[in-house]
Amino acid sequence: MNNWKLWYTNAALSWSQGLPIGNGRLGSVIYGGIEKETWSMTEVTYWSGKTERIESQSKGRADLDQMREHFFAGDYKRGEELAQRALQPKKQNFGTNLQMCNLLLNVEHQGEDLQRVLNLENAIFHTSYSVNGNNFTREIFASHADHIVASRFWSENEGSITFALGIEGLTDHFMKSFAEDATITFEGQATETMHSDGKCGVFCQGMVKVVAQGGTVVVEDNQIVVRNADEACIYFTANTDYGKNDDSWLNESKRQLAQAIGLGYAKLKEKHISDYHRLYGRVNLDLGHSDASRLPTDERIRLFQNGHDNDPQLFALFYQYSRYLTISGSRADSPLPLNLQGIWNDGEANRMQWSCDYHLDINTQMNYFPTEVSNLAECHIPLMSYIEQLSLAGRTAAHDFYGCEGWVAHVFSNAWGFTAPGWETSWGLNVTGGLWIASQLREHYEFSLDREFLVQQAYPVMKEAATFFLDYMTLHPQYGWLVTGPSNSPENSFYIEDNVYQLSMGSTLDQVLVRDLFAFCLEAADTLQVDYDLQAKLKQAIDKLPPLRIGKRGQLQEWLEDYKEAQPDHRHLSHLISLHPGNQITLRGTPELSAAARTTLENRMSREALEDVEFTVASFAASFARLEDGEQAYKHLTHLIGQLCFDNLLTYSKPGIAGAEKHIFVVDGNFGGAGAIAEMLLQSHAGEINLLPALPKKWHKGKVSRLRAKGNIEVDIVWENGELMEATIQAFSVGQTFLRYREQSVPLVLTPNTIYRIDKQLNVTQ
């Protein structure tokens, strides 16, 4: 009954207990209960800050050569001092995504039998309760089809709807006006003083309108007051000047509001459900049921917290919730991709040094880890567009800081295309941050095999990145390897004797990403039959790249040298990108490196002071899934859901993590956890489709439909008693692969629009 619902029988006392809705641009978290309810309204482009050129003190190659000379000579202290002088710009108007406003609902009566329900199948949030036997319902949804947030209030008895609606701005610059036709018009500017000068930021304009049947609607004390109506609808819309070249955007809210009211609530709802379900309905997941499935969601989470994990369908709910969040936060026409908090915002990251931005050293990537496999490729498009814009902005950083061709971006970015190093080299000199996020282009292509996308976006952007690294990298005087640097391994540090350093030459993360970049560009250029001179350069460069190395403790080295970790309990596992989401390490192809990766994971897990953070736990789960260890993957997913989720199943970062002052919502754990679940059921890398590679014992029976595999393929799987029963593969492109289940492997030649049926012995029939 409650398979795909988050539901609760108590009021949401704060934002962290509220439930999110969104249309890919506008978002809201709704919290409260019977008497009071707050709609926390956000918009993905409502950013402080501005576009600006970041001043560089670097002399380009001359400074690089001087720094590198010191690092190669072992003088890390002097090398870091030079890097700080040349590659550490001052913080300017970087900005942050901000909350826009709160809608404040007040109801005069008290009631009982409260239920708050977020239905994932139609993306509608309901609040229901009763007053003296009269049942009341409020529902709200964010329509992508009509660019509006719409709500309806009704009850069983006519004339029972009475409430007051107000609005409060959440930035210093916010004005509102009330019209007698029950309309609120507001305008504001996204300004703050933590991440910018308090003067620059996006402007917004929006409208709220109440339409009631029966009763009266008046404006009193800066509120719209509805009394004794049969039912009432509230419509909200807002727009910003982000990316606009003239003032026509100021008319958008009025147009959208008039269009919505003209359609009427019923038609808006019908269009919303149809538009949403076209994406959400593609994938179904059944992991089995237990009595816990009938409990409210917060009680189910509490059972996980206390070690009672006999609730397999809660994992499935968590997975489908991630798909819901993806659809709600990232549509093909979204002006920006999902940020640190998706399109929602609890306001906490804005009040400290974090910023609600685009972290390029795992967080933004993880937001999109499950997108392709979960059959939501259209939702990946805003990130593709953002990366393309980042590559254009990154040419300036490449020139100004390194004197190199091509493009580069570092540890984080913003709505304005920030690509310079961060303002402290200890964490800000991640020279492959842009390359890491750009690898999502490769991912999108490998799943779709869309040649036009390869020609128009993926290859041009990646080619320019390759141009930078071919120009930027240097030969190591001792090993003769082509290495990056100075750069860091996000956001970690190491010992040289008793001194702690962050910068070095040739960190493992850099080398993995560069190898994947060169290999992709070489293959793409060959496929497209272009750039023969570049192909020759790439082949020569690939031959000179360092190998992955195993340290004296049996671990996968995080740096080119076997340094002692200064923070062995650190939250980042950047070098394990070679295992997941990359595939330079595979269980059967590179067994020694796989063992080293496992040792790295176990070393990190064994630390009492391990930083217990949402993206780290999700990374553990996905990494163990790649090692086909379903029990360890399951353990970390259980911890993620039980220990690092608010009552609304949104993941968070704990106080003390990277300076967090309190529990702060960070959405990457939702997506990273969902990606790990998908990895446990289906993997499609290294030239094979692997069925149920990391199935834990407690998911002993289940089925999943229409997961996507690389090669433009959809897969259905059914299992019982922990064993594969049958699978179906539908191919949409020509190709060939290997089909694997445990130690069995068979070749499979694929013909477009053909369905292949596989039995438990991997016999294939059409």
# chains A, B, ... in the order shown; residues from 1 in each chain; ligands from 1
>>> closest_atom_pairs(of="segment 33-69 of chain A", to="segment 120-137 of chain A", cutoff="10 Å", atoms="only C-alpha atoms", output="tab-separated table")
residue	atom	partner	partner_atom	distance
A:Gly33	CA	A:Thr127	CA	7.8
A:Ile34	CA	A:Tyr129	CA	7.3
A:Glu37	CA	A:Thr127	CA	9.8
>>> select_by_dssp(residues="segment 203-326 of chain A", states="helix (DSSP H, G or I)", output="MDAnalysis selection string")
chainID A and resid 247:263 265:280 291:294 297:305 312:326
>>> residues_around(residues="segment 365-381 of chain A", least_positions_apart="5", cutoff="6 Å", atoms="only C-alpha atoms", output="number ranges by chain")
A: 330-332, 437, 668, 671-672, 675, 707-708
>>> write_last_selection(atoms="C-alpha atoms", output="mmCIF file, in the first residue's frame")
data_model
loop_
_atom_site.group_PDB
_atom_site.id
_atom_site.type_symbol
_atom_site.label_atom_id
_atom_site.label_comp_id
_atom_site.auth_asym_id
_atom_site.auth_seq_id
_atom_site.Cartn_x
_atom_site.Cartn_y
_atom_site.Cartn_z
ATOM 1 C CA SER A 330 16.983 18.329 -13.039
ATOM 2 C CA ARG A 331 14.934 18.432 -16.235
ATOM 3 C CA ALA A 332 16.163 18.716 -19.796
ATOM 4 C CA ILE A 437 32.911 16.616 -13.945
ATOM 5 C CA ASP A 668 24.717 13.786 -2.960
ATOM 6 C CA PHE A 671 22.093 10.003 -5.357
ATOM 7 C CA GLY A 672 25.286 8.207 -4.361
ATOM 8 C CA GLY A 675 23.851 4.658 -7.578
ATOM 9 C CA LEU A 707 17.596 -0.370 -15.821
ATOM 10 C CA ARG A 708 19.926 0.999 -18.468
#
>>> closest_residue(among="A:Thr183, A:Gln389, A:Asn690, A:Asn721", to="Ala258 of chain A", atoms="only C-alpha atoms")
A:Thr183
>>> residues_around(residues="Glu608 of chain A", least_positions_apart="2", cutoff="8 Å", atoms="only C-alpha atoms", output="VMD selection string")
chain A and resid 569 606 610
>>> write_last_selection(atoms="N, CA and C atoms", output="PDB file, in the first residue's frame")
ATOM      1  N   ASP A 569      41.916   8.967   8.318  1.00  0.00           N
ATOM      2  CA  ASP A 569      40.475   8.832   8.506  1.00  0.00           C
ATOM      3  C   ASP A 569      39.710   9.858   7.665  1.00  0.00           C
ATOM      4  N   SER A 606      38.584   1.140   9.230  1.00  0.00           N
ATOM      5  CA  SER A 606      39.036   0.694  10.546  1.00  0.00           C
ATOM      6  C   SER A 606      39.355   1.843  11.488  1.00  0.00           C
ATOM      7  N   LEU A 610      37.111   7.959  11.681  1.00  0.00           N
ATOM      8  CA  LEU A 610      36.680   8.098  10.288  1.00  0.00           C
ATOM      9  C   LEU A 610      35.587   9.155  10.188  1.00  0.00           C
TER      10      LEU A 610
END
>>> residues_around(residues="Thr765 of chain A", least_positions_apart="4", cutoff="10 Å", atoms="only C-alpha atoms", output="JSON, numbers by chain")
{"A": [728, 755, 756, 757, 758, 759]}
